[in-house]
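To keep things clear, I will list the structure first and then write my remarks on it.
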Amino acid sequence: MIKLNHIYGTKNDYFIVIMRNPEFECYELYVSLFLSNLQDFDYLLKYGHPLLTFDNLSDVRFYARKIIDGKVF
């Protein structure tokens, strides 16, 4: 199962992280080529630009699994 606030590596050499934004009550998916860009979660929530946003956790986990397996993005 894909967890929140945990950085995952993909088959395409990207890194992704899923975070819950408490201000807007949504889930955000961030993608980067560099691990160091995703390690500061507070900075991402304040200044980062997510790739995608979702209303529920199951949708973001489904899409993240596709990215990790290299099928999308």
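Ligands are numbered from 1 in the order shown, residues from 1 within each chain, and chains are lettered A, B, ... in the order they appear in the structure tokens.
Within segment 11-65 of chain A, DSSP applied to the backbone places the following residues in strand (DSSP E): Phe15, Ile16, Val17, Ile18, Met19, Arg20, Asn21, Cys26, Tyr27, Glu28, Leu29, Tyr30, Val31, Ser32, Leu52, Thr53 and Phe54 of chain A.
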Any chance you can output those residues with N, CA, C and O atoms as an mmCIF file, in the first residue's frame?
```cif
data_model
loop_
_atom_site.group_PDB
_atom_site.id
_atom_site.type_symbol
_atom_site.label_atom_id
_atom_site.label_comp_id
_atom_site.auth_asym_id
_atom_site.auth_seq_id
_atom_site.Cartn_x
_atom_site.Cartn_y
_atom_site.Cartn_z
ATOM 1 N N PHE A 15 11.031 10.481 -8.594
ATOM 2 C CA PHE A 15 10.610 10.280 -7.213
ATOM 3 C C PHE A 15 9.252 10.936 -7.044
ATOM 4 O O PHE A 15 9.000 12.013 -7.602
ATOM 5 N N ILE A 16 8.365 10.288 -6.299
ATOM 6 C CA ILE A 16 7.041 10.857 -6.058
ATOM 7 C C ILE A 16 6.736 10.823 -4.567
ATOM 8 O O ILE A 16 7.285 9.991 -3.826
ATOM 9 N N VAL A 17 5.859 11.705 -4.154
ATOM 10 C CA VAL A 17 5.375 11.717 -2.781
ATOM 11 C C VAL A 17 3.916 12.171 -2.811
ATOM 12 O O VAL A 17 3.531 13.012 -3.627
ATOM 13 N N ILE A 18 3.109 11.584 -1.941
ATOM 14 C CA ILE A 18 1.705 11.964 -1.791
ATOM 15 C C ILE A 18 1.552 12.619 -0.430
ATOM 16 O O ILE A 18 1.983 12.066 0.582
ATOM 17 N N MET A 19 0.930 13.790 -0.435
ATOM 18 C CA MET A 19 0.733 14.517 0.822
ATOM 19 C C MET A 19 -0.702 14.987 0.914
ATOM 20 O O MET A 19 -1.343 15.257 -0.096
ATOM 21 N N ARG A 20 -1.193 15.092 2.138
ATOM 22 C CA ARG A 20 -2.522 15.651 2.369
ATOM 23 C C ARG A 20 -2.348 17.107 2.751
ATOM 24 O O ARG A 20 -1.642 17.433 3.703
ATOM 25 N N ASN A 21 -3.001 17.972 2.012
ATOM 26 C CA ASN A 21 -2.941 19.398 2.295
ATOM 27 C C ASN A 21 -4.064 19.741 3.265
ATOM 28 O O ASN A 21 -5.241 19.692 2.906
ATOM 29 N N CYS A 26 -7.288 18.235 0.513
ATOM 30 C CA CYS A 26 -7.132 17.412 -0.683
ATOM 31 C C CYS A 26 -5.789 16.700 -0.610
ATOM 32 O O CYS A 26 -4.967 16.976 0.252
ATOM 33 N N TYR A 27 -5.602 15.761 -1.508
ATOM 34 C CA TYR A 27 -4.354 15.003 -1.582
ATOM 35 C C TYR A 27 -3.575 15.482 -2.806
ATOM 36 O O TYR A 27 -4.143 15.641 -3.887
ATOM 37 N N GLU A 28 -2.290 15.723 -2.622
ATOM 38 C CA GLU A 28 -1.457 16.257 -3.687
ATOM 39 C C GLU A 28 -0.349 15.274 -4.031
ATOM 40 O O GLU A 28 0.229 14.649 -3.145
ATOM 41 N N LEU A 29 -0.063 15.149 -5.308
ATOM 42 C CA LEU A 29 0.982 14.263 -5.805
ATOM 43 C C LEU A 29 2.101 15.120 -6.380
ATOM 44 O O LEU A 29 1.882 15.901 -7.304
ATOM 45 N N TYR A 30 3.283 14.988 -5.799
ATOM 46 C CA TYR A 30 4.460 15.735 -6.238
ATOM 47 C C TYR A 30 5.424 14.783 -6.920
ATOM 48 O O TYR A 30 5.609 13.649 -6.477
ATOM 49 N N VAL A 31 6.065 15.259 -7.987
ATOM 50 C CA VAL A 31 7.017 14.457 -8.756
ATOM 51 C C VAL A 31 8.285 15.276 -8.953
ATOM 52 O O VAL A 31 8.222 16.480 -9.186
ATOM 53 N N SER A 32 9.433 14.626 -8.858
ATOM 54 C CA SER A 32 10.704 15.300 -9.089
ATOM 55 C C SER A 32 11.743 14.297 -9.558
ATOM 56 O O SER A 32 11.663 13.108 -9.252
ATOM 57 N N LEU A 52 -0.601 16.706 -9.552
ATOM 58 C CA LEU A 52 -2.044 16.462 -9.552
ATOM 59 C C LEU A 52 -2.602 16.620 -8.148
ATOM 60 O O LEU A 52 -1.897 16.414 -7.168
ATOM 61 N N THR A 53 -3.877 16.938 -8.068
ATOM 62 C CA THR A 53 -4.586 16.965 -6.787
ATOM 63 C C THR A 53 -5.818 16.071 -6.898
ATOM 64 O O THR A 53 -6.432 15.959 -7.969
ATOM 65 N N PHE A 54 -6.157 15.444 -5.788
ATOM 66 C CA PHE A 54 -7.286 14.520 -5.751
ATOM 67 C C PHE A 54 -8.133 14.785 -4.515
ATOM 68 O O PHE A 54 -7.621 15.258 -3.502
#
```
Next on the checklist: What does the structure give for the distance between atom CA of Ser58 of chain A and atom CA of Phe34 of chain A, in Å to one decimal?
Outcome noted: 25.7 Å
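Distances to Tyr8 of chain A were evaluated for A:Leu57, A:Ala64, A:Val72, A:Leu51 using only C-alpha atoms, and the minimum falls at A:Ala64.
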Item to check | A:Glu25, A:Ile67, A:Phe62, A:Asp55 ranked by distance to Met1 of chain A, top pick (using only C-alpha atoms) | outcome: A:Phe62
